[in-house]
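Source file protein-v5.cif; content: mmCIF, C-alpha atoms.
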data_run
#
loop_
_atom_site.group_PDB
_atom_site.id
_atom_site.type_symbol
_atom_site.label_atom_id
_atom_site.label_comp_id
_atom_site.auth_asym_id
_atom_site.auth_seq_id
_atom_site.Cartn_x
_atom_site.Cartn_y
_atom_site.Cartn_z
ATOM 1 C CA MET B 37 -28.842 -1.418 9.364
ATOM 2 C CA THR B 38 -29.343 -0.986 13.088
ATOM 3 C CA LEU B 39 -31.417 1.809 14.610
ATOM 4 C CA SER B 40 -28.208 3.441 15.865
ATOM 5 C CA GLN B 41 -26.646 3.354 12.385
ATOM 6 C CA LEU B 42 -29.823 4.777 10.834
ATOM 7 C CA TRP B 43 -29.853 7.602 13.398
ATOM 8 C CA LYS B 44 -26.266 8.492 12.551
ATOM 9 C CA LYS B 45 -26.943 8.434 8.806
ATOM 10 C CA ILE B 46 -30.033 10.637 8.762
ATOM 11 C CA TYR B 47 -29.382 12.940 11.716
ATOM 12 C CA SER B 48 -26.146 12.747 13.693
ATOM 13 C CA ASN B 49 -23.592 12.674 10.864
ATOM 14 C CA PRO B 50 -25.229 15.417 8.726
ATOM 15 C CA ARG B 51 -25.472 17.608 11.840
ATOM 16 C CA ARG B 52 -21.764 17.118 12.581
ATOM 17 C CA ILE B 53 -20.860 17.977 8.980
ATOM 18 C CA ARG B 54 -22.905 21.188 9.141
ATOM 19 C CA ARG B 55 -21.111 22.137 12.350
ATOM 20 C CA ARG B 56 -17.732 21.503 10.724
ATOM 21 C CA LYS B 57 -18.669 23.692 7.748
ATOM 22 C CA ARG B 58 -19.623 26.517 10.103
ATOM 23 C CA TYR B 59 -16.846 26.298 12.680
ATOM 24 C CA GLY B 60 -14.071 24.325 10.968
ATOM 25 C CA ILE B 61 -11.902 27.226 9.833
ATOM 26 C CA PRO B 62 -12.298 29.352 12.999
ATOM 27 C CA ALA B 63 -11.449 26.240 15.037
ATOM 28 C CA MET B 64 -8.408 25.529 12.878
ATOM 29 C CA VAL B 65 -7.158 29.105 13.275
ATOM 30 C CA ALA B 66 -7.695 28.981 17.035
ATOM 31 C CA PHE B 67 -5.892 25.646 17.297
ATOM 32 C CA ARG B 68 -3.000 26.839 15.118
ATOM 33 C CA ASP B 69 -2.544 29.982 17.202
ATOM 34 C CA ALA B 70 -2.842 28.093 20.508
ATOM 35 C CA MET B 71 -0.187 25.604 19.476
ATOM 36 C CA SER B 72 2.078 28.407 18.309
ATOM 37 C CA LYS B 73 1.669 30.115 21.687
ATOM 38 C CA ALA B 74 2.479 26.834 23.448
ATOM 39 C CA GLY B 75 5.538 26.287 21.242
ATOM 40 C CA ILE B 76 4.278 22.838 20.224
ATOM 41 C CA PRO B 77 4.853 21.620 16.653
ATOM 42 C CA TRP B 78 1.885 19.895 15.048
ATOM 43 C CA SER B 79 0.349 18.868 11.753
ATOM 44 C CA PRO B 80 -3.049 17.723 10.539
ATOM 45 C CA VAL B 81 -3.283 13.943 10.260
ATOM 46 C CA TYR B 82 -5.627 11.318 8.806
ATOM 47 C CA GLY B 83 -8.628 12.772 6.954
ATOM 48 C CA THR B 84 -7.678 16.376 7.698
ATOM 49 C CA LEU B 85 -4.182 15.805 6.286
ATOM 50 C CA LEU B 86 -5.630 14.068 3.240
ATOM 51 C CA GLY B 87 -7.852 17.088 2.661
ATOM 52 C CA ALA B 88 -4.951 19.479 3.165
ATOM 53 C CA ILE B 89 -2.837 18.020 0.360
ATOM 54 C CA ARG B 90 -5.601 16.827 -1.971
ATOM 55 C CA GLU B 91 -8.334 19.431 -1.588
ATOM 56 C CA LYS B 92 -6.350 22.309 -0.051
ATOM 57 C CA GLY B 93 -9.040 22.288 2.615
ATOM 58 C CA PHE B 94 -11.547 20.026 4.320
ATOM 59 C CA ILE B 95 -12.899 16.939 2.602
ATOM 60 C CA LYS B 96 -16.586 17.677 2.055
ATOM 61 C CA HIS B 97 -17.821 14.793 4.221
ATOM 62 C CA ASP B 98 -15.338 15.426 7.072
ATOM 63 C CA ASP B 99 -17.082 16.128 10.390
ATOM 64 C CA ASP B 100 -14.129 16.809 12.708
ATOM 65 C CA ILE B 101 -10.497 17.946 12.799
ATOM 66 C CA ASP B 102 -7.650 15.461 13.186
ATOM 67 C CA THR B 103 -4.336 16.782 14.499
ATOM 68 C CA GLY B 104 -1.080 15.114 15.481
ATOM 69 C CA VAL B 105 1.728 16.009 17.866
ATOM 70 C CA TRP B 106 4.985 14.275 18.784
ATOM 71 C CA THR B 107 5.198 13.045 22.382
ATOM 72 C CA ASP B 108 8.825 14.167 22.702
ATOM 73 C CA SER B 109 8.103 17.685 21.407
ATOM 74 C CA ILE B 110 5.640 19.119 23.935
ATOM 75 C CA PRO B 111 7.511 21.817 25.885
ATOM 76 C CA GLY B 112 5.942 22.290 29.291
ATOM 77 C CA GLY B 113 4.166 18.962 28.939
ATOM 78 C CA LEU B 114 0.443 18.349 28.783
ATOM 79 C CA ASP B 115 -0.263 21.101 31.312
ATOM 80 C CA ASN B 116 1.103 23.678 28.854
ATOM 81 C CA LEU B 117 -0.837 22.144 25.963
ATOM 82 C CA HIS B 118 -4.094 22.088 27.901
ATOM 83 C CA ARG B 119 -3.698 25.607 29.290
ATOM 84 C CA CYS B 120 -3.123 27.127 25.855
ATOM 85 C CA LEU B 121 -6.124 25.324 24.381
ATOM 86 C CA GLU B 122 -8.382 26.448 27.208
ATOM 87 C CA GLU B 123 -7.169 30.047 26.863
ATOM 88 C CA ALA B 124 -8.019 29.860 23.147
ATOM 89 C CA GLY B 125 -11.617 28.870 23.910
ATOM 90 C CA PHE B 126 -11.440 25.092 23.551
ATOM 91 C CA THR B 127 -13.260 22.885 26.029
ATOM 92 C CA TYR B 128 -11.990 19.467 27.038
ATOM 93 C CA SER B 129 -14.309 16.597 26.101
ATOM 94 C CA HIS B 130 -12.626 13.261 26.822
ATOM 95 C CA CYS B 131 -9.586 11.104 26.133
ATOM 96 C CA PHE B 132 -8.616 7.492 25.640
ATOM 97 C CA LEU B 133 -5.713 6.259 27.729
ATOM 98 C CA VAL B 134 -3.699 3.069 27.389
ATOM 99 C CA ASP B 135 -1.889 2.094 30.592
ATOM 100 C CA GLY B 136 -2.998 5.382 32.124
ATOM 101 C CA GLY B 137 -1.498 7.291 29.207
ATOM 102 C CA GLU B 138 1.983 5.829 29.609
ATOM 103 C CA PHE B 139 1.643 3.680 26.480
ATOM 104 C CA ALA B 140 -0.688 5.793 24.323
ATOM 105 C CA ARG B 141 -3.344 8.466 24.488
ATOM 106 C CA GLU B 142 -5.815 10.355 22.315
ATOM 107 C CA GLU B 143 -7.598 13.559 23.365
ATOM 108 C CA THR B 144 -10.766 15.177 22.099
ATOM 109 C CA TRP B 145 -11.482 18.873 22.550
ATOM 110 C CA LYS B 146 -14.432 20.932 21.341
ATOM 111 C CA TRP B 147 -14.820 24.281 19.628
ATOM 112 C CA HIS B 148 -18.498 25.310 19.539
ATOM 113 C CA GLY B 149 -19.356 21.607 19.589
ATOM 114 C CA LEU B 150 -16.943 20.674 16.796
ATOM 115 C CA HIS B 151 -14.629 17.823 17.762
ATOM 116 C CA VAL B 152 -10.881 18.439 17.484
ATOM 117 C CA ASP B 153 -8.937 15.228 18.058
ATOM 118 C CA ILE B 154 -5.278 15.214 19.115
ATOM 119 C CA PHE B 155 -3.297 12.070 18.294
ATOM 120 C CA PHE B 156 0.058 11.500 19.975
ATOM 121 C CA PHE B 157 2.913 9.963 17.958
ATOM 122 C CA ASP B 158 6.096 8.387 19.330
ATOM 123 C CA SER B 159 9.253 9.197 17.354
ATOM 124 C CA LEU B 160 11.315 6.363 15.905
ATOM 125 C CA GLU B 161 14.466 6.464 13.774
ATOM 126 C CA GLY B 162 14.597 8.985 10.948
ATOM 127 C CA GLU B 163 11.247 10.552 10.114
ATOM 128 C CA ARG B 164 9.167 7.552 11.092
ATOM 129 C CA CYS B 165 6.808 7.502 14.032
ATOM 130 C CA LYS B 166 4.623 5.015 15.821
ATOM 131 C CA GLY B 167 0.950 5.872 15.997
ATOM 132 C CA TYR B 168 -2.050 4.319 17.700
ATOM 133 C CA MET B 169 -5.713 3.981 16.848
ATOM 134 C CA PHE B 170 -8.565 2.653 18.962
ATOM 135 C CA TYR B 171 -11.520 0.674 17.606
ATOM 136 C CA PRO B 172 -14.559 -1.166 18.989
ATOM 137 C CA PHE B 173 -13.900 -4.827 19.659
ATOM 138 C CA LYS B 174 -14.931 -7.139 16.844
ATOM 139 C CA GLY B 175 -18.487 -8.295 17.275
ATOM 140 C CA THR B 176 -19.615 -5.025 18.870
ATOM 141 C CA ALA B 177 -21.632 -2.412 17.003
ATOM 142 C CA ASN B 178 -19.993 0.783 18.263
ATOM 143 C CA PHE B 179 -17.783 2.438 20.883
ATOM 144 C CA ARG B 180 -20.527 2.368 23.498
ATOM 145 C CA GLU B 181 -21.146 -1.355 23.170
ATOM 146 C CA SER B 182 -17.398 -2.070 23.160
ATOM 147 C CA ASN B 183 -16.991 -0.060 26.365
ATOM 148 C CA LYS B 184 -19.899 -1.856 27.992
ATOM 149 C CA LEU B 185 -18.769 -5.373 27.116
ATOM 150 C CA TYR B 186 -14.998 -5.047 27.261
ATOM 151 C CA GLY B 187 -14.354 -1.966 29.375
ATOM 152 C CA GLY B 188 -12.781 -0.054 26.496
ATOM 153 C CA LEU B 189 -11.533 -0.252 22.923
ATOM 154 C CA ARG B 190 -9.037 -2.513 21.197
ATOM 155 C CA VAL B 191 -5.646 -1.001 20.446
ATOM 156 C CA VAL B 192 -3.775 -1.145 17.145
ATOM 157 C CA GLU B 193 -0.387 0.382 16.420
ATOM 158 C CA PHE B 194 1.393 1.223 13.194
ATOM 159 C CA GLU B 195 4.465 2.965 11.819
ATOM 160 C CA VAL B 196 4.145 5.901 9.468
ATOM 161 C CA PRO B 197 6.346 8.619 7.943
ATOM 162 C CA PHE B 198 5.660 11.727 10.042
ATOM 163 C CA SER B 199 8.412 14.338 9.912
ATOM 164 C CA LYS B 200 8.588 17.037 12.548
ATOM 165 C CA GLU B 201 9.584 19.425 9.784
ATOM 166 C CA THR B 202 6.522 21.300 8.578
ATOM 167 C CA GLU B 203 5.713 23.862 5.912
ATOM 168 C CA MET B 204 2.885 26.361 5.820
ATOM 169 C CA LEU B 205 0.317 25.379 3.209
ATOM 170 C CA PRO B 206 -2.977 26.984 2.123
ATOM 171 C CA PHE B 207 -6.083 25.478 3.675
ATOM 172 C CA ASP B 208 -9.502 26.916 2.805
ATOM 173 C CA GLY B 209 -8.237 30.503 2.800
ATOM 174 C CA ILE B 210 -5.827 30.224 5.740
ATOM 175 C CA GLU B 211 -2.388 28.675 6.197
ATOM 176 C CA ILE B 212 -1.511 25.818 8.525
ATOM 177 C CA PRO B 213 1.679 23.822 9.207
ATOM 178 C CA VAL B 214 1.761 20.499 7.369
ATOM 179 C CA THR B 215 4.339 17.763 7.868
ATOM 180 C CA LYS B 216 6.829 17.423 5.016
ATOM 181 C CA SER B 217 6.072 13.683 5.119
ATOM 182 C CA ALA B 218 2.444 14.335 4.218
ATOM 183 C CA GLU B 219 2.351 12.219 1.066
ATOM 184 C CA GLY B 220 4.139 9.308 2.726
ATOM 185 C CA PHE B 221 1.688 9.489 5.640
ATOM 186 C CA VAL B 222 -1.430 9.345 3.475
ATOM 187 C CA VAL B 223 0.014 6.609 1.249
ATOM 188 C CA ALA B 224 0.704 4.515 4.353
ATOM 189 C CA ARG B 225 -2.817 5.028 5.696
ATOM 190 C CA TYR B 226 -4.976 5.339 2.552
ATOM 191 C CA GLY B 227 -3.048 3.622 -0.244
ATOM 192 C CA LEU B 228 -1.434 4.708 -3.507
ATOM 193 C CA ASP B 229 -4.760 5.864 -4.967
ATOM 194 C CA TRP B 230 -5.258 8.542 -2.281
ATOM 195 C CA ARG B 231 -5.531 11.277 -4.923
ATOM 196 C CA THR B 232 -8.834 9.853 -6.167
ATOM 197 C CA PRO B 233 -11.807 10.417 -3.852
ATOM 198 C CA ASP B 234 -13.516 7.118 -3.017
ATOM 199 C CA PRO B 235 -16.994 7.425 -1.448
ATOM 200 C CA THR B 236 -16.940 3.692 -0.646
ATOM 201 C CA PHE B 237 -13.705 3.877 1.356
ATOM 202 C CA VAL B 238 -13.869 2.295 4.787
ATOM 203 C CA TYR B 239 -11.036 3.139 7.202
ATOM 204 C CA PRO B 240 -8.801 1.303 7.830
ATOM 205 C CA ARG B 241 -8.591 -0.586 4.551
ATOM 206 C CA PRO B 242 -7.167 -4.097 5.127
ATOM 207 C CA GLY B 243 -3.713 -4.581 3.641
ATOM 208 C CA VAL B 244 -3.010 -0.857 3.405
ATOM 209 C CA SER B 245 -2.973 0.575 6.893
ATOM 210 C CA GLY B 246 -0.386 -1.834 8.348
ATOM 211 C CA ASN B 247 -2.186 -2.069 11.663
ATOM 212 C CA VAL B 248 -0.734 -4.383 14.314
ATOM 213 C CA GLU B 249 -3.251 -5.610 16.868
ATOM 214 C CA ARG B 250 -2.240 -5.248 20.525
ATOM 215 C CA PRO B 251 -4.449 -7.726 22.412
ATOM 216 C CA ASP B 252 -2.408 -7.027 25.551
ATOM 217 C CA LYS B 253 -3.593 -3.409 25.612
ATOM 218 C CA LEU B 254 -6.920 -1.673 26.279
ATOM 219 C CA ALA B 255 -7.899 1.918 25.534
ATOM 220 C CA VAL B 256 -10.027 3.272 28.377
ATOM 221 C CA LYS B 257 -12.193 6.349 27.937
ATOM 222 C CA THR B 258 -11.892 9.003 30.649
ATOM 223 C CA ARG B 259 -13.512 12.394 31.114
#
I'd like the structure from this file rewritten - as structure tokens, please.
Amino acid sequence: MTLSQLWKKIYSNPRRIRRRKRYGIPAMVAFRDAMSKAGIPWSPVYGTLLGAIREKGFIKHDDDIDTGVWTDSIPGGLDNLHRCLEEAGFTYSHCFLVDGGEFAREETWKWHGLHVDIFFFDSLEGERCKGYMFYPFKGTANFRESNKLYGGLRVVEFEVPFSKETEMLPFDGIEIPVTKSAEGFVVARYGLDWRTPDPTFVYPRPGVSGNVERPDKLAVKTR
């Protein structure tokens, strides 16, 4: 275990989890209301979506909030999205852009230090969408080293069921909109055994996530 990994295990990660426990629900309410004001449909995704349908709330070891929007369903564009988040008390942190954002993007905002990530999905036929994730290049220890050596992160893409139709579901004492394709989404990303918590799970699990490497693309971090 490297010094950086040890630091994350004993200090950084526990601190992030404590922050999520304190601010997670207020941040979720603020995000829900901001998106409603902006007229932008959304749903939790990844670990937050898994928690929503399995735990009816946050997974205990979750340290951030993962949200998803559809790139063709953002009335007023990014300016409208950003304005409504800022008015709700969120502060912009950073984003990852592929081809300047034309190909893919991911944004991170903060609520009292808690990270709220926004993932952008491109609609395909039916209820399927194309999503994108960014990872350190193989052989590098973390995002920072990948940025230093390669100028960014490697890009993977995948297809996943992600319906724009949502339903309000209970989430740790509040209600949030959740895609009606929730189970299909988590099966595609976490496997058929998603209902059983697995403390050894490492994301993405090979053979389950369906990731397609895009060596012709690079995700560049901007502030």
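Taking atom CA of Glu91 of chain B and atom CA of Gly162 of chain B as endpoints, the distance between them is 28.1 Å.
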Evaluating the PyMOL selection byres ((chain B and resi 60) around 12) on the displayed file yields which residues, as a PDB file with C-alpha atoms, in the frame of the given file?
ATOM      1  CA  ARG B  52     -21.764  17.118  12.581  1.00  0.00           C
ATOM      2  CA  ILE B  53     -20.860  17.977   8.980  1.00  0.00           C
ATOM      3  CA  ARG B  54     -22.905  21.188   9.141  1.00  0.00           C
ATOM      4  CA  ARG B  55     -21.111  22.137  12.350  1.00  0.00           C
ATOM      5  CA  ARG B  56     -17.732  21.503  10.724  1.00  0.00           C
ATOM      6  CA  LYS B  57     -18.669  23.692   7.748  1.00  0.00           C
ATOM      7  CA  ARG B  58     -19.623  26.517  10.103  1.00  0.00           C
ATOM      8  CA  TYR B  59     -16.846  26.298  12.680  1.00  0.00           C
ATOM      9  CA  ILE B  61     -11.902  27.226   9.833  1.00  0.00           C
ATOM     10  CA  PRO B  62     -12.298  29.352  12.999  1.00  0.00           C
ATOM     11  CA  ALA B  63     -11.449  26.240  15.037  1.00  0.00           C
ATOM     12  CA  MET B  64      -8.408  25.529  12.878  1.00  0.00           C
ATOM     13  CA  VAL B  65      -7.158  29.105  13.275  1.00  0.00           C
ATOM     14  CA  ALA B  66      -7.695  28.981  17.035  1.00  0.00           C
ATOM     15  CA  PHE B  67      -5.892  25.646  17.297  1.00  0.00           C
ATOM     16  CA  THR B  84      -7.678  16.376   7.698  1.00  0.00           C
ATOM     17  CA  GLY B  93      -9.040  22.288   2.615  1.00  0.00           C
ATOM     18  CA  PHE B  94     -11.547  20.026   4.320  1.00  0.00           C
ATOM     19  CA  ILE B  95     -12.899  16.939   2.602  1.00  0.00           C
ATOM     20  CA  LYS B  96     -16.586  17.677   2.055  1.00  0.00           C
ATOM     21  CA  ASP B  98     -15.338  15.426   7.072  1.00  0.00           C
ATOM     22  CA  ASP B  99     -17.082  16.128  10.390  1.00  0.00           C
ATOM     23  CA  ASP B 100     -14.129  16.809  12.708  1.00  0.00           C
ATOM     24  CA  ILE B 101     -10.497  17.946  12.799  1.00  0.00           C
ATOM     25  CA  ASP B 102      -7.650  15.461  13.186  1.00  0.00           C
ATOM     26  CA  LYS B 146     -14.432  20.932  21.341  1.00  0.00           C
ATOM     27  CA  TRP B 147     -14.820  24.281  19.628  1.00  0.00           C
ATOM     28  CA  HIS B 148     -18.498  25.310  19.539  1.00  0.00           C
ATOM     29  CA  GLY B 149     -19.356  21.607  19.589  1.00  0.00           C
ATOM     30  CA  LEU B 150     -16.943  20.674  16.796  1.00  0.00           C
ATOM     31  CA  HIS B 151     -14.629  17.823  17.762  1.00  0.00           C
ATOM     32  CA  VAL B 152     -10.881  18.439  17.484  1.00  0.00           C
ATOM     33  CA  PHE B 207      -6.083  25.478   3.675  1.00  0.00           C
ATOM     34  CA  ASP B 208      -9.502  26.916   2.805  1.00  0.00           C
ATOM     35  CA  GLY B 209      -8.237  30.503   2.800  1.00  0.00           C
ATOM     36  CA  ILE B 210      -5.827  30.224   5.740  1.00  0.00           C
TER      37      ILE B 210
END
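The list of residues with at least one atom within 9 Å of segment 120-124 of chain B, based on all atoms listed in the file and without residues fewer than 2 positions apart in the same chain, reads B:Ala66, B:Phe67, B:Asp69, B:Ala70, B:Met71, B:Lys73, B:Ala74, B:Asp115, B:Asn116, B:Leu117, B:His118, B:Phe126, B:Thr127, B:Tyr128, B:Trp145.
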Residue subset to file, keeping C-alpha atoms, as a PDB file, in the frame of the given file:
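This went into result.pdb:
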ATOM      1  CA  ALA B  66      -7.695  28.981  17.035  1.00  0.00           C
ATOM      2  CA  PHE B  67      -5.892  25.646  17.297  1.00  0.00           C
ATOM      3  CA  ASP B  69      -2.544  29.982  17.202  1.00  0.00           C
ATOM      4  CA  ALA B  70      -2.842  28.093  20.508  1.00  0.00           C
ATOM      5  CA  MET B  71      -0.187  25.604  19.476  1.00  0.00           C
ATOM      6  CA  LYS B  73       1.669  30.115  21.687  1.00  0.00           C
ATOM      7  CA  ALA B  74       2.479  26.834  23.448  1.00  0.00           C
ATOM      8  CA  ASP B 115      -0.263  21.101  31.312  1.00  0.00           C
ATOM      9  CA  ASN B 116       1.103  23.678  28.854  1.00  0.00           C
ATOM     10  CA  LEU B 117      -0.837  22.144  25.963  1.00  0.00           C
ATOM     11  CA  HIS B 118      -4.094  22.088  27.901  1.00  0.00           C
ATOM     12  CA  PHE B 126     -11.440  25.092  23.551  1.00  0.00           C
ATOM     13  CA  THR B 127     -13.260  22.885  26.029  1.00  0.00           C
ATOM     14  CA  TYR B 128     -11.990  19.467  27.038  1.00  0.00           C
ATOM     15  CA  TRP B 145     -11.482  18.873  22.550  1.00  0.00           C
TER      16      TRP B 145
END
### Query
When the PyMOL selection byres ((chain B and resi 166) around 10) is applied to the file above, which residues end up in the set, as a PyMOL selection string?
chain B and resi 106+156-160+164-165+167-168+193-198
#### Entry: Using only C-alpha atoms: which of B:Thr103, B:Gly246, B:Phe179, B:Gly188 has the shortest distance to Thr258 of chain B
B:Gly188
### Task
Evaluate the PyMOL selection byres ((chain B and resi 231-236) around 9) here and jot the selected residues down as a list in words.
Leu86, Ile89, Arg90, Leu228, Asp229, Trp230, Phe237 and Val238 of chain B
### Task
Measure the distance from atom CA of Glu163 of chain B to atom CA of Pro206 of chain B in Å and round it to one decimal.
23.2 Å
### Task
Just the residues within 9 Å of Pro172 of chain B, please, counting only C-alpha atoms, with nothing from its chain fewer than 6 positions along; format it as number ranges by chain.
B: 178-183, 188-190
### Task
Within 9 Å of Val81 of chain B, counting all atoms listed in the file, which residues show up once you throw out same-chain ones fewer than 6 positions away? Write them as an NGL selection string, please.
:B and (101-104 or 155 or 214-215 or 218 or 221-222)
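Here atom CA of Leu254 of chain B and atom CA of Gly187 of chain B stand 8.1 Å from one another.
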Quick one: what's the axis-aligned box for segment 250-254 of chain B, all listed atoms, 4 Å on every side, centre and edges in Å to one decimal, as AutoDock Vina command-line options?
--center_x -4.6 --center_y -4.7 --center_z 23.4 --size_x 12.7 --size_y 14.1 --size_z 13.8
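With all atoms listed in the file taken into account, the protein and nucleic acid residues at most 8 Å from Gly75 of chain B (excluding it and anything under 3 positions from it in its own chain) are Met71, Ser72, Ile110 and Pro111 of chain B.
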Step by step: locate segment 46-116 of chain B in the block above, keep C-alpha atoms, then write the file as a PDB file, in the first residue's frame.
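So the final result, stored in part-v5.pdb, reads:
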ATOM      1  CA  ILE B  46      -7.115   6.295   7.540  1.00  0.00           C
ATOM      2  CA  TYR B  47      -7.976   9.960   7.011  1.00  0.00           C
ATOM      3  CA  SER B  48      -9.350  11.205   3.697  1.00  0.00           C
ATOM      4  CA  ASN B  49     -12.052   8.601   3.029  1.00  0.00           C
ATOM      5  CA  PRO B  50     -13.455   8.498   6.605  1.00  0.00           C
ATOM      6  CA  ARG B  51     -13.579  12.311   6.597  1.00  0.00           C
ATOM      7  CA  ARG B  52     -15.526  12.328   3.319  1.00  0.00           C
ATOM      8  CA  ILE B  53     -17.976   9.745   4.680  1.00  0.00           C
ATOM      9  CA  ARG B  54     -18.581  11.840   7.805  1.00  0.00           C
ATOM     10  CA  ARG B  55     -19.263  14.864   5.614  1.00  0.00           C
ATOM     11  CA  ARG B  56     -21.738  12.872   3.524  1.00  0.00           C
ATOM     12  CA  LYS B  57     -23.563  11.706   6.661  1.00  0.00           C
ATOM     13  CA  ARG B  58     -23.879  15.306   7.836  1.00  0.00           C
ATOM     14  CA  TYR B  59     -24.710  17.073   4.583  1.00  0.00           C
ATOM     15  CA  GLY B  60     -25.949  14.319   2.258  1.00  0.00           C
ATOM     16  CA  ILE B  61     -29.686  14.800   2.716  1.00  0.00           C
ATOM     17  CA  PRO B  62     -29.646  18.633   2.762  1.00  0.00           C
ATOM     18  CA  ALA B  63     -27.506  18.519  -0.396  1.00  0.00           C
ATOM     19  CA  MET B  64     -29.892  16.071  -2.049  1.00  0.00           C
ATOM     20  CA  VAL B  65     -32.888  18.275  -1.228  1.00  0.00           C
ATOM     21  CA  ALA B  66     -31.101  21.364  -2.534  1.00  0.00           C
ATOM     22  CA  PHE B  67     -30.102  19.573  -5.733  1.00  0.00           C
ATOM     23  CA  ARG B  68     -33.612  18.178  -6.257  1.00  0.00           C
ATOM     24  CA  ASP B  69     -35.189  21.606  -5.820  1.00  0.00           C
ATOM     25  CA  ALA B  70     -32.598  23.319  -8.043  1.00  0.00           C
ATOM     26  CA  MET B  71     -33.182  20.852 -10.849  1.00  0.00           C
ATOM     27  CA  SER B  72     -36.932  21.244 -10.499  1.00  0.00           C
ATOM     28  CA  LYS B  73     -36.540  25.022 -10.758  1.00  0.00           C
ATOM     29  CA  ALA B  74     -34.365  24.588 -13.857  1.00  0.00           C
ATOM     30  CA  GLY B  75     -36.885  22.191 -15.416  1.00  0.00           C
ATOM     31  CA  ILE B  76     -34.185  19.546 -15.892  1.00  0.00           C
ATOM     32  CA  PRO B  77     -35.073  15.865 -15.410  1.00  0.00           C
ATOM     33  CA  TRP B  78     -32.522  13.840 -13.472  1.00  0.00           C
ATOM     34  CA  SER B  79     -31.996  10.678 -11.473  1.00  0.00           C
ATOM     35  CA  PRO B  80     -29.383   9.336  -9.084  1.00  0.00           C
ATOM     36  CA  VAL B  81     -26.905   7.028 -10.804  1.00  0.00           C
ATOM     37  CA  TYR B  82     -24.149   4.574  -9.865  1.00  0.00           C
ATOM     38  CA  GLY B  83     -23.698   4.111  -6.106  1.00  0.00           C
ATOM     39  CA  THR B  84     -26.384   6.643  -5.202  1.00  0.00           C
ATOM     40  CA  LEU B  85     -28.903   4.852  -7.436  1.00  0.00           C
ATOM     41  CA  LEU B  86     -27.893   1.495  -5.986  1.00  0.00           C
ATOM     42  CA  GLY B  87     -28.519   2.886  -2.513  1.00  0.00           C
ATOM     43  CA  ALA B  88     -31.843   4.376  -3.569  1.00  0.00           C
ATOM     44  CA  ILE B  89     -33.351   1.061  -4.665  1.00  0.00           C
ATOM     45  CA  ARG B  90     -31.538  -1.288  -2.279  1.00  0.00           C
ATOM     46  CA  GLU B  91     -31.206   0.713   0.928  1.00  0.00           C
ATOM     47  CA  LYS B  92     -33.849   3.408   0.349  1.00  0.00           C
ATOM     48  CA  GLY B  93     -31.053   5.838   1.138  1.00  0.00           C
ATOM     49  CA  PHE B  94     -27.290   6.213   1.019  1.00  0.00           C
ATOM     50  CA  ILE B  95     -25.009   3.197   1.105  1.00  0.00           C
ATOM     51  CA  LYS B  96     -23.166   3.476   4.416  1.00  0.00           C
ATOM     52  CA  HIS B  97     -19.708   3.776   2.840  1.00  0.00           C
ATOM     53  CA  ASP B  98     -20.785   6.268   0.135  1.00  0.00           C
ATOM     54  CA  ASP B  99     -18.862   9.555   0.337  1.00  0.00           C
ATOM     55  CA  ASP B 100     -20.481  11.593  -2.454  1.00  0.00           C
ATOM     56  CA  ILE B 101     -23.648  11.981  -4.530  1.00  0.00           C
ATOM     57  CA  ASP B 102     -23.858  10.673  -8.089  1.00  0.00           C
ATOM     58  CA  THR B 103     -26.491  12.202 -10.366  1.00  0.00           C
ATOM     59  CA  GLY B 104     -27.290  11.804 -14.047  1.00  0.00           C
ATOM     60  CA  VAL B 105     -28.923  14.028 -16.648  1.00  0.00           C
ATOM     61  CA  TRP B 106     -29.704  13.541 -20.337  1.00  0.00           C
ATOM     62  CA  THR B 107     -27.777  15.816 -22.707  1.00  0.00           C
ATOM     63  CA  ASP B 108     -30.850  16.386 -24.887  1.00  0.00           C
ATOM     64  CA  SER B 109     -33.071  17.330 -21.928  1.00  0.00           C
ATOM     65  CA  ILE B 110     -31.409  20.433 -20.471  1.00  0.00           C
ATOM     66  CA  PRO B 111     -33.713  23.379 -21.242  1.00  0.00           C
ATOM     67  CA  GLY B 112     -31.731  26.597 -21.327  1.00  0.00           C
ATOM     68  CA  GLY B 113     -28.519  24.614 -21.653  1.00  0.00           C
ATOM     69  CA  LEU B 114     -25.648  24.471 -19.204  1.00  0.00           C
ATOM     70  CA  ASP B 115     -26.024  28.152 -18.323  1.00  0.00           C
ATOM     71  CA  ASN B 116     -29.480  27.428 -16.880  1.00  0.00           C
TER      72      ASN B 116
END
